[in-house]
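The file entry.cif comes next; it holds mmCIF, C-alpha atoms and all ligand atoms.
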data_data
#
loop_
_atom_site.group_PDB
_atom_site.id
_atom_site.type_symbol
_atom_site.label_atom_id
_atom_site.label_comp_id
_atom_site.auth_asym_id
_atom_site.auth_seq_id
_atom_site.Cartn_x
_atom_site.Cartn_y
_atom_site.Cartn_z
ATOM 1 C CA MET A 1 98.880 149.996 117.920
ATOM 2 C CA ASP A 2 99.217 147.343 115.255
ATOM 3 C CA ILE A 3 99.779 147.619 111.539
ATOM 4 C CA HIS A 4 96.149 146.961 110.581
ATOM 5 C CA THR A 5 94.737 149.649 112.914
ATOM 6 C CA VAL A 6 97.332 152.116 111.674
ATOM 7 C CA LEU A 7 96.675 151.397 108.008
ATOM 8 C CA TYR A 8 92.913 151.674 108.524
ATOM 9 C CA GLU A 9 93.483 155.076 110.109
ATOM 10 C CA LEU A 10 95.542 156.106 107.088
ATOM 11 C CA GLY A 11 92.740 155.099 104.709
ATOM 12 C CA VAL A 12 93.768 151.596 103.592
ATOM 13 C CA ARG A 13 90.832 149.235 102.993
ATOM 14 C CA ASP A 14 90.567 145.640 101.730
ATOM 15 C CA ASP A 15 89.725 146.936 98.251
ATOM 16 C CA THR A 16 92.255 149.769 98.075
ATOM 17 C CA LEU A 17 94.064 147.789 95.379
ATOM 18 C CA THR A 18 92.086 146.004 92.667
ATOM 19 C CA PRO A 19 92.566 142.233 92.233
ATOM 20 C CA ALA A 20 94.466 143.012 89.004
ATOM 21 C CA GLU A 21 96.842 145.340 90.868
ATOM 22 C CA ASN A 22 97.530 142.691 93.520
ATOM 23 C CA ARG A 23 98.120 140.151 90.745
ATOM 24 C CA SER A 24 100.535 142.492 89.040
ATOM 25 C CA LEU A 25 102.576 142.767 92.258
ATOM 26 C CA ASP A 26 102.583 138.976 92.605
ATOM 27 C CA GLN A 27 103.307 138.039 89.001
ATOM 28 C CA ASP A 28 105.301 140.940 87.536
ATOM 29 C CA GLY A 29 106.757 142.191 90.825
ATOM 30 C CA TYR A 30 105.508 145.711 90.194
ATOM 31 C CA VAL A 31 102.331 147.700 89.664
ATOM 32 C CA VAL A 32 101.702 151.002 87.909
ATOM 33 C CA LEU A 33 99.476 153.365 89.943
ATOM 34 C CA GLU A 34 98.177 156.276 87.907
ATOM 35 C CA ASN A 35 97.110 159.736 89.098
ATOM 36 C CA MET A 36 98.676 159.414 92.532
ATOM 37 C CA PHE A 37 99.427 163.130 92.747
ATOM 38 C CA THR A 38 98.302 166.232 90.887
ATOM 39 C CA LEU A 39 100.187 168.516 88.529
ATOM 40 C CA ASP A 40 100.196 171.191 91.247
ATOM 41 C CA GLN A 41 101.804 168.738 93.668
ATOM 42 C CA THR A 42 104.303 167.743 90.981
ATOM 43 C CA ALA A 43 105.326 171.366 90.512
ATOM 44 C CA ALA A 44 105.585 171.880 94.284
ATOM 45 C CA PHE A 45 107.716 168.724 94.759
ATOM 46 C CA ILE A 46 110.063 169.796 91.954
ATOM 47 C CA ARG A 47 110.362 173.346 93.291
ATOM 48 C CA ARG A 48 111.214 172.142 96.800
ATOM 49 C CA LEU A 49 113.635 169.441 95.624
ATOM 50 C CA GLU A 50 115.498 171.888 93.387
ATOM 51 C CA GLN A 51 115.710 174.341 96.269
ATOM 52 C CA LEU A 52 117.141 171.591 98.526
ATOM 53 C CA ALA A 53 119.639 170.595 95.810
ATOM 54 C CA GLU A 54 120.767 174.212 95.581
ATOM 55 C CA GLU A 55 121.088 174.560 99.370
ATOM 56 C CA GLU A 56 122.903 171.240 99.864
ATOM 57 C CA GLY A 57 125.253 171.539 96.890
ATOM 58 C CA ASP A 58 128.023 168.888 96.922
ATOM 59 C CA ARG A 59 126.600 167.317 100.043
ATOM 60 C CA ALA A 60 123.232 166.510 98.472
ATOM 61 C CA GLY A 61 122.450 162.826 98.991
ATOM 62 C CA VAL A 62 125.265 162.093 101.475
ATOM 63 C CA GLU A 63 122.865 160.664 104.053
ATOM 64 C CA ALA A 64 122.229 157.733 101.704
ATOM 65 C CA HIS A 65 124.093 157.660 98.419
ATOM 66 C CA GLN A 66 125.672 159.931 95.807
ATOM 67 C CA GLU A 67 125.971 158.892 92.163
ATOM 68 C CA GLU A 68 127.924 160.475 89.334
ATOM 69 C CA GLY A 69 125.707 161.932 86.620
ATOM 70 C CA THR A 70 122.787 162.473 88.952
ATOM 71 C CA ILE A 71 121.556 164.804 91.643
ATOM 72 C CA ARG A 72 120.503 162.726 94.619
ATOM 73 C CA LEU A 73 118.682 163.984 97.699
ATOM 74 C CA ALA A 74 118.069 161.913 100.819
ATOM 75 C CA ASP A 75 116.249 161.957 104.165
ATOM 76 C CA LEU A 76 113.414 163.951 102.599
ATOM 77 C CA ILE A 77 110.962 163.135 105.395
ATOM 78 C CA ASN A 78 112.902 165.489 107.663
ATOM 79 C CA LYS A 79 113.187 168.182 105.050
ATOM 80 C CA ASP A 80 109.609 169.284 104.421
ATOM 81 C CA PRO A 81 106.105 168.334 105.650
ATOM 82 C CA MET A 82 105.019 168.055 101.986
ATOM 83 C CA PHE A 83 106.767 164.663 101.817
ATOM 84 C CA GLU A 84 104.417 163.125 104.404
ATOM 85 C CA TYR A 85 102.045 162.640 101.495
ATOM 86 C CA CYS A 86 104.455 160.088 99.967
ATOM 87 C CA PHE A 87 104.905 157.672 102.850
ATOM 88 C CA THR A 88 101.233 157.791 103.920
ATOM 89 C CA HIS A 89 99.528 157.346 100.549
ATOM 90 C CA PRO A 90 96.895 154.600 101.086
ATOM 91 C CA ARG A 91 97.456 152.979 97.703
ATOM 92 C CA LEU A 92 101.187 152.716 98.273
ATOM 93 C CA LEU A 93 100.657 151.492 101.842
ATOM 94 C CA ALA A 94 98.333 148.811 100.442
ATOM 95 C CA CYS A 95 101.151 147.690 98.116
ATOM 96 C CA ALA A 96 103.504 147.532 101.100
ATOM 97 C CA LEU A 97 101.023 145.462 103.110
ATOM 98 C CA HIS A 98 100.607 143.104 100.160
ATOM 99 C CA THR A 99 104.399 142.700 100.008
ATOM 100 C CA PHE A 100 104.893 142.417 103.797
ATOM 101 C CA PRO A 101 101.742 140.899 105.329
ATOM 102 C CA ASP A 102 103.531 140.618 108.708
ATOM 103 C CA GLY A 103 104.253 144.335 108.895
ATOM 104 C CA PHE A 104 106.587 146.944 107.487
ATOM 105 C CA LYS A 105 108.002 150.406 108.036
ATOM 106 C CA VAL A 106 109.541 153.191 106.008
ATOM 107 C CA ASP A 107 113.025 152.524 104.719
ATOM 108 C CA SER A 108 113.804 155.853 103.055
ATOM 109 C CA LEU A 109 112.514 158.656 100.856
ATOM 110 C CA ASN A 110 115.088 159.971 98.403
ATOM 111 C CA ALA A 111 115.140 161.702 95.025
ATOM 112 C CA ARG A 112 117.175 161.036 91.906
ATOM 113 C CA PHE A 113 117.503 163.450 89.004
ATOM 114 C CA ALA A 114 119.404 162.108 85.991
ATOM 115 C CA LEU A 115 121.453 164.852 84.317
ATOM 116 C CA PRO A 116 121.286 165.295 80.525
ATOM 117 C CA GLY A 117 123.435 162.647 78.838
ATOM 118 C CA MET A 118 123.754 160.647 82.088
ATOM 119 C CA GLY A 119 121.841 158.377 84.444
ATOM 120 C CA GLY A 120 122.193 154.995 82.680
ATOM 121 C CA GLN A 121 122.560 152.267 85.306
ATOM 122 C CA MET A 122 123.498 148.607 85.248
ATOM 123 C CA LEU A 123 120.524 146.320 85.624
ATOM 124 C CA HIS A 124 120.365 145.476 89.338
ATOM 125 C CA ALA A 125 118.121 144.449 92.188
ATOM 126 C CA ASP A 126 117.909 146.807 95.163
ATOM 127 C CA TRP A 127 118.814 143.860 97.374
ATOM 128 C CA GLY A 128 121.564 141.247 97.597
ATOM 129 C CA PRO A 129 121.904 138.348 100.044
ATOM 130 C CA SER A 130 124.154 138.693 103.120
ATOM 131 C CA GLN A 131 124.319 134.912 103.220
ATOM 132 C CA PRO A 132 123.094 132.207 100.805
ATOM 133 C CA SER A 133 120.263 131.191 103.152
ATOM 134 C CA ASP A 134 118.655 134.627 102.645
ATOM 135 C CA TRP A 135 117.336 133.230 99.376
ATOM 136 C CA ASP A 136 115.206 130.787 101.388
ATOM 137 C CA ASN A 137 113.273 133.759 102.755
ATOM 138 C CA VAL A 138 112.787 135.194 99.280
ATOM 139 C CA LYS A 139 111.556 131.802 98.047
ATOM 140 C CA ALA A 140 109.082 131.761 100.931
ATOM 141 C CA LYS A 141 107.913 135.282 99.885
ATOM 142 C CA ARG A 142 109.439 136.877 102.963
ATOM 143 C CA TYR A 143 110.728 139.795 100.933
ATOM 144 C CA TYR A 144 113.448 142.214 102.032
ATOM 145 C CA GLY A 145 112.166 145.375 100.408
ATOM 146 C CA MET A 146 109.672 147.300 98.313
ATOM 147 C CA ASN A 147 110.457 150.534 96.525
ATOM 148 C CA SER A 148 108.466 152.953 94.384
ATOM 149 C CA MET A 149 109.163 155.499 91.674
ATOM 150 C CA TRP A 150 107.303 158.788 92.020
ATOM 151 C CA ILE A 151 107.458 160.120 88.474
ATOM 152 C CA LEU A 152 107.934 163.901 88.586
ATOM 153 C CA ASN A 153 108.378 164.556 84.907
ATOM 154 C CA ASP A 154 106.915 162.354 82.195
ATOM 155 C CA PHE A 155 109.071 159.229 81.822
ATOM 156 C CA THR A 156 109.954 158.525 78.182
ATOM 157 C CA ALA A 157 112.342 156.149 76.426
ATOM 158 C CA GLU A 158 114.421 159.258 75.527
ATOM 159 C CA ASN A 159 114.755 160.824 78.966
ATOM 160 C CA GLY A 160 115.923 157.805 80.949
ATOM 161 C CA ALA A 161 112.723 156.128 82.142
ATOM 162 C CA THR A 162 113.449 153.233 84.505
ATOM 163 C CA ARG A 163 113.577 149.768 82.942
ATOM 164 C CA ILE A 164 112.313 146.697 84.814
ATOM 165 C CA VAL A 165 112.237 142.990 84.021
ATOM 166 C CA PRO A 166 108.811 141.554 84.955
ATOM 167 C CA GLY A 167 108.873 138.450 87.145
ATOM 168 C CA THR A 168 112.532 138.718 88.204
ATOM 169 C CA HIS A 169 111.532 138.925 91.893
ATOM 170 C CA ARG A 170 110.887 135.181 91.541
ATOM 171 C CA VAL A 171 114.012 134.006 89.646
ATOM 172 C CA PHE A 172 116.202 133.719 92.781
ATOM 173 C CA HIS A 173 119.437 134.988 91.314
ATOM 174 C CA LEU A 174 120.820 138.409 90.459
ATOM 175 C CA PRO A 175 121.526 140.012 87.071
ATOM 176 C CA GLN A 176 125.294 139.864 87.730
ATOM 177 C CA ASP A 177 124.988 136.055 87.958
ATOM 178 C CA VAL A 178 123.837 135.757 84.338
ATOM 179 C CA MET A 179 124.759 138.957 82.447
ATOM 180 C CA HIS A 180 128.171 139.902 81.018
ATOM 181 C CA ASP A 181 127.147 143.473 80.268
ATOM 182 C CA ARG A 182 124.518 144.793 82.639
ATOM 183 C CA PHE A 183 124.147 148.033 80.679
ATOM 184 C CA ALA A 184 122.834 145.997 77.730
ATOM 185 C CA PRO A 185 119.105 145.566 77.109
ATOM 186 C CA TYR A 186 117.683 142.416 78.722
ATOM 187 C CA PRO A 187 115.088 140.216 76.969
ATOM 188 C CA GLY A 188 111.581 141.069 78.147
ATOM 189 C CA GLU A 189 112.547 144.289 79.930
ATOM 190 C CA VAL A 190 109.881 146.984 80.073
ATOM 191 C CA ILE A 191 110.640 150.700 79.857
ATOM 192 C CA LEU A 192 108.363 152.371 82.390
ATOM 193 C CA GLU A 193 107.108 155.244 80.258
ATOM 194 C CA GLY A 194 104.326 157.231 81.921
ATOM 195 C CA PRO A 195 103.088 160.685 82.868
ATOM 196 C CA ALA A 196 104.076 162.714 85.921
ATOM 197 C CA GLY A 197 101.742 161.821 88.788
ATOM 198 C CA THR A 198 102.283 158.084 88.255
ATOM 199 C CA VAL A 199 103.843 155.905 90.941
ATOM 200 C CA VAL A 200 105.341 152.510 90.141
ATOM 201 C CA ALA A 201 105.592 150.268 93.215
ATOM 202 C CA PHE A 202 108.024 147.397 92.816
ATOM 203 C CA ASN A 203 109.400 144.477 94.762
ATOM 204 C CA SER A 204 113.063 145.216 95.612
ATOM 205 C CA HIS A 205 114.061 141.790 94.291
ATOM 206 C CA CYS A 206 112.988 142.810 90.768
ATOM 207 C CA TRP A 207 115.758 143.641 88.311
ATOM 208 C CA GLN A 208 115.583 147.263 87.253
ATOM 209 C CA GLY A 209 117.625 150.414 86.684
ATOM 210 C CA GLY A 210 117.640 153.930 85.298
ATOM 211 C CA THR A 211 118.329 154.302 81.566
ATOM 212 C CA LEU A 212 120.311 157.009 79.806
ATOM 213 C CA ASN A 213 118.782 160.480 79.718
ATOM 214 C CA ARG A 214 119.210 161.531 76.070
ATOM 215 C CA THR A 215 117.391 164.862 76.468
ATOM 216 C CA SER A 216 118.646 168.289 77.534
ATOM 217 C CA ASP A 217 116.390 168.397 80.638
ATOM 218 C CA LEU A 218 116.662 166.651 84.010
ATOM 219 C CA ARG A 219 114.755 163.381 84.494
ATOM 220 C CA ARG A 220 113.256 163.565 87.963
ATOM 221 C CA VAL A 221 111.928 160.894 90.318
ATOM 222 C CA MET A 222 111.510 160.266 94.036
ATOM 223 C CA HIS A 223 112.088 156.792 95.519
ATOM 224 C CA MET A 224 109.835 155.883 98.454
ATOM 225 C CA ALA A 225 110.924 152.574 100.012
ATOM 226 C CA TYR A 226 109.597 150.279 102.746
ATOM 227 C CA ARG A 227 111.073 147.221 104.456
ATOM 228 C CA PRO A 228 110.027 144.482 106.888
ATOM 229 C CA ARG A 229 109.229 145.955 110.259
ATOM 230 C CA GLU A 230 111.854 144.069 112.263
ATOM 231 C CA THR A 231 114.855 145.150 110.114
ATOM 232 C CA THR A 232 117.058 148.269 110.163
ATOM 233 C CA SER A 233 116.147 151.046 107.713
ATOM 234 C CA LEU A 234 118.529 152.631 105.194
ATOM 235 C CA THR A 235 117.681 155.969 106.771
ATOM 236 C CA ASP A 236 117.162 154.870 110.370
ATOM 237 C CA GLN A 237 114.220 157.152 111.119
ATOM 238 C CA GLY A 238 114.729 156.678 114.870
ATOM 239 C CA LYS A 239 118.203 158.250 114.644
ATOM 240 C CA HIS A 240 117.498 160.789 111.917
ATOM 241 C CA LEU A 241 114.134 162.114 113.019
ATOM 242 C CA ARG A 242 114.408 165.787 113.870
ATOM 243 C CA ALA A 243 112.460 167.170 116.849
ATOM 244 C CA GLU A 244 110.354 169.423 114.618
ATOM 245 C CA THR A 245 109.439 166.480 112.389
ATOM 246 C CA ALA A 246 108.516 164.279 115.369
ATOM 247 C CA GLN A 247 106.309 167.033 116.722
ATOM 248 C CA ARG A 248 104.083 167.311 113.681
ATOM 249 C CA LEU A 249 103.597 163.565 113.075
ATOM 250 C CA THR A 250 100.439 161.709 114.084
ATOM 251 C CA PRO A 251 100.831 158.425 116.035
ATOM 252 C CA ALA A 252 99.912 156.510 112.837
ATOM 253 C CA MET A 253 102.660 158.274 110.878
ATOM 254 C CA ARG A 254 105.173 157.538 113.621
ATOM 255 C CA TYR A 255 104.196 153.894 113.529
ATOM 256 C CA VAL A 256 104.760 153.688 109.780
ATOM 257 C CA LEU A 257 108.144 155.354 110.237
ATOM 258 C CA GLY A 258 108.975 152.851 112.973
ATOM 259 C CA VAL A 259 109.744 155.528 115.572
HETATM 260 O O1 LIG A 301 115.894 156.364 89.085
HETATM 261 C C1 LIG A 301 115.754 155.324 88.451
HETATM 262 O O2 LIG A 301 115.303 155.279 87.308
HETATM 263 C C2 LIG A 301 116.158 154.018 89.069
HETATM 264 C C3 LIG A 301 117.148 154.192 90.158
HETATM 265 C C4 LIG A 301 117.632 152.936 90.745
HETATM 266 O O3 LIG A 301 117.239 151.856 90.400
HETATM 267 C C5 LIG A 301 118.653 152.986 91.771
HETATM 268 O O4 LIG A 301 119.241 154.041 91.998
HETATM 269 O O5 LIG A 301 118.921 151.923 92.395
#

Represent the structure contained in this file as structure tokens.
Amino acid sequence: MDIHTVLYELGVRDDTLTPAENRSLDQDGYVVLENMFTLDQTAAFIRRLEQLAEEEGDRAGVEAHQEEGTIRLADLINKDPMFEYCFTHPRLLACALHTFPDGFKVDSLNARFALPGMGGQMLHADWGPSQPSDWDNVKAKRYYGMNSMWILNDFTAENGATRIVPGTHRVFHLPQDVMHDRFAPYPGEVILEGPAGTVVAFNSHCWQGGTLNRTSDLRRVMHMAYRPRETTSLTDQGKHLRAETAQRLTPAMRYVLGV
């Protein structure tokens, strides 16, 4: 199997993304994809995630990352077949192929709920160099990651919608190199307001972060991330994959997971 055969099988075609959407990924470093899932799916995702949060309690998120002021859940692919929809969505896979023309695989699928009054993050990129020469790869558009926000309840400026700074995947330094206070607004940042059912795919080199949830409700999102095929995933699917998950996956799904 190769990536192109697999993606064709999963419904990706040459015109799955419009030229404007491809341009947005290139120029802004992100693209907004509307109506990626229905209201019924939204309700089902929320119900299942809240059930998992209840079951996992203090341990929720330990497989990847825990963060004060939020409920995090990780390794979702092993936790319910409903999440297969996220890593196999043709429009998101087309974004991943655009970002990694030489091939990619799943990095992780996690969720992040910002609690009321919490959730504000420093502006950051989801990647940092291990050595200075890593920047040469970024300059050559050999990117280290792509992530996506699966908006589960309408993102507003009040409830902690993610902020992103367009074009920062091509500035070749990190926010901490130029900002004294990374909680402060940054010139040109965009607050990603949008309805549930929207997915925002973004280059992991883009500067972004959650903002403060000023409402009395949770602000809910899932993060579906991909990475270059030859690298090691945040949630190494080969090690984590449970037998019952492996059993139900098609060969194309296994390929995308890198197992
Ligand atoms: O959930 C969000 O709004 C963004 C989260 C994020 O950027 C992160 O946790 O690294």

| query | Expanded to explicit residues, what is the PyMOL selection byres (((not hetatm)) within 7 of (chain A and resi 301)) for this file, as a ChimeraX atom specification? | reply | /A:112,126,160-162,208-211,221

For the residues selected in the previous step, produce a file with C-alpha atoms as a compact mmCIF listing (two decimals), in the coordinates of the input.
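File produced: result_36.txt:
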# COMPACT_ATOMS: atom_id res chain seq x y z
CA ARG A 112 117.18 161.04 91.91
CA ASP A 126 117.91 146.81 95.16
CA GLY A 160 115.92 157.80 80.95
CA ALA A 161 112.72 156.13 82.14
CA THR A 162 113.45 153.23 84.50
CA GLN A 208 115.58 147.26 87.25
CA GLY A 209 117.62 150.41 86.68
CA GLY A 210 117.64 153.93 85.30
CA THR A 211 118.33 154.30 81.57
CA VAL A 221 111.93 160.89 90.32

One residue among A:Val259, A:Ala64, A:Ala94, A:Val138 is nearest to Leu10 (chain A) when using only C-alpha atoms, and that residue is A:Ala94

- Using only C-alpha atoms, which residues sit within 8 Å of Leu257 (chain A) once same-chain residues fewer than 6 positions away are excluded, as a list in words?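 The contact residues come out as Lys105, Val106, Asp107 and Gln237 of chain A.
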
Could the residues of region 168-259 of chain A that have an atom at most 12 Å from region 130-137 of chain A be listed as CSV, each with its closest atom pair and the distance in Å to one decimal, counting all atoms listed in the file and ordered by chain and ascending residue number?
residue,atom,partner,partner_atom,distance
A:His169,CA,A:Trp135,CA,11.1
A:Arg170,CA,A:Trp135,CA,10.3
A:Val171,CA,A:Trp135,CA,10.3
A:Phe172,CA,A:Trp135,CA,6.7
A:His173,CA,A:Trp135,CA,8.5
A:Leu174,CA,A:Trp135,CA,10.9
A:His205,CA,A:Trp135,CA,10.5
A:Pro228,CA,A:Asn137,CA,11.9

Shell of 9 Å around region 38-47 of chain A, only C-alpha atoms, local chain residues under 2 positions omitted, as a list in words: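 Listing them by chain and then by number gives Asn35, Met36, Leu49, Glu50, Gln51, Leu52, Met82, Phe83, Ile151, Leu152, Asn153, Ala196, Gly197 and Arg220 of chain A.
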
Practice item. Might you spell out which residues the PyMOL selection byres (((chain A and resi 158) around 9) and not hetatm) would select in the displayed file, as a ChimeraX atom specification? Key: /A:155-157,159-161,211-215

Please report the interatomic distance between CA of Arg163 (chain A) and CA of Pro90 (chain A) in Å with one decimal.
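So the two atoms, CA of Arg163 (chain A) and CA of Pro90 (chain A), lie 25.1 Å apart.
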
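Once all atoms listed in the file are considered, the residues situated within 10 Å of the file point (111.8, 157.5, 111.5) turn out to be Asp75, Ile77, Asn78, Lys105, Val106, Asp107, Ser108, Ser233, Thr235, Asp236, Gln237, Gly238, Lys239, His240, Leu241, Arg242, Thr245, Ala246, Met253, Arg254, Tyr255, Val256, Leu257, Gly258 and Val259 of chain A.
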
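Take the PyMOL selection byres (((chain A and resi 166) around 7) and not hetatm) and apply it to this file: it picks Asp28, Gly29, Ile164, Val165, Gly167, Thr168 and Glu189 of chain A.
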
Could the residues in this selection be saved with C-alpha atoms as a PDB file, in the frame of the given file?
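Saved result, out-v2.pdb, follows:
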ATOM      1  CA  ASP A  28     105.301 140.940  87.536  1.00  0.00           C
ATOM      2  CA  GLY A  29     106.757 142.191  90.825  1.00  0.00           C
ATOM      3  CA  ILE A 164     112.313 146.697  84.814  1.00  0.00           C
ATOM      4  CA  VAL A 165     112.237 142.990  84.021  1.00  0.00           C
ATOM      5  CA  GLY A 167     108.873 138.450  87.145  1.00  0.00           C
ATOM      6  CA  THR A 168     112.532 138.718  88.204  1.00  0.00           C
ATOM      7  CA  GLU A 189     112.547 144.289  79.930  1.00  0.00           C
TER       8      GLU A 189
END

Residue neighbourhood region 199-202 of chain A, 8 Å, only C-alpha atoms, exclusion window fewer than 5 positions, as an NGL selection string: :A and (25 or 29-36 or 92 or 95 or 146-151)

Please identify all polymer residues within 9 Å of region 179-182 of chain A, counting only C-alpha atoms, omitting same-chain residues fewer than 6 positions from it, and present them as a ChimeraX atom specification.
-> /A:121-124

CA of Glu193 (chain A) to CA of Met118 (chain A) measures 17.6 Å
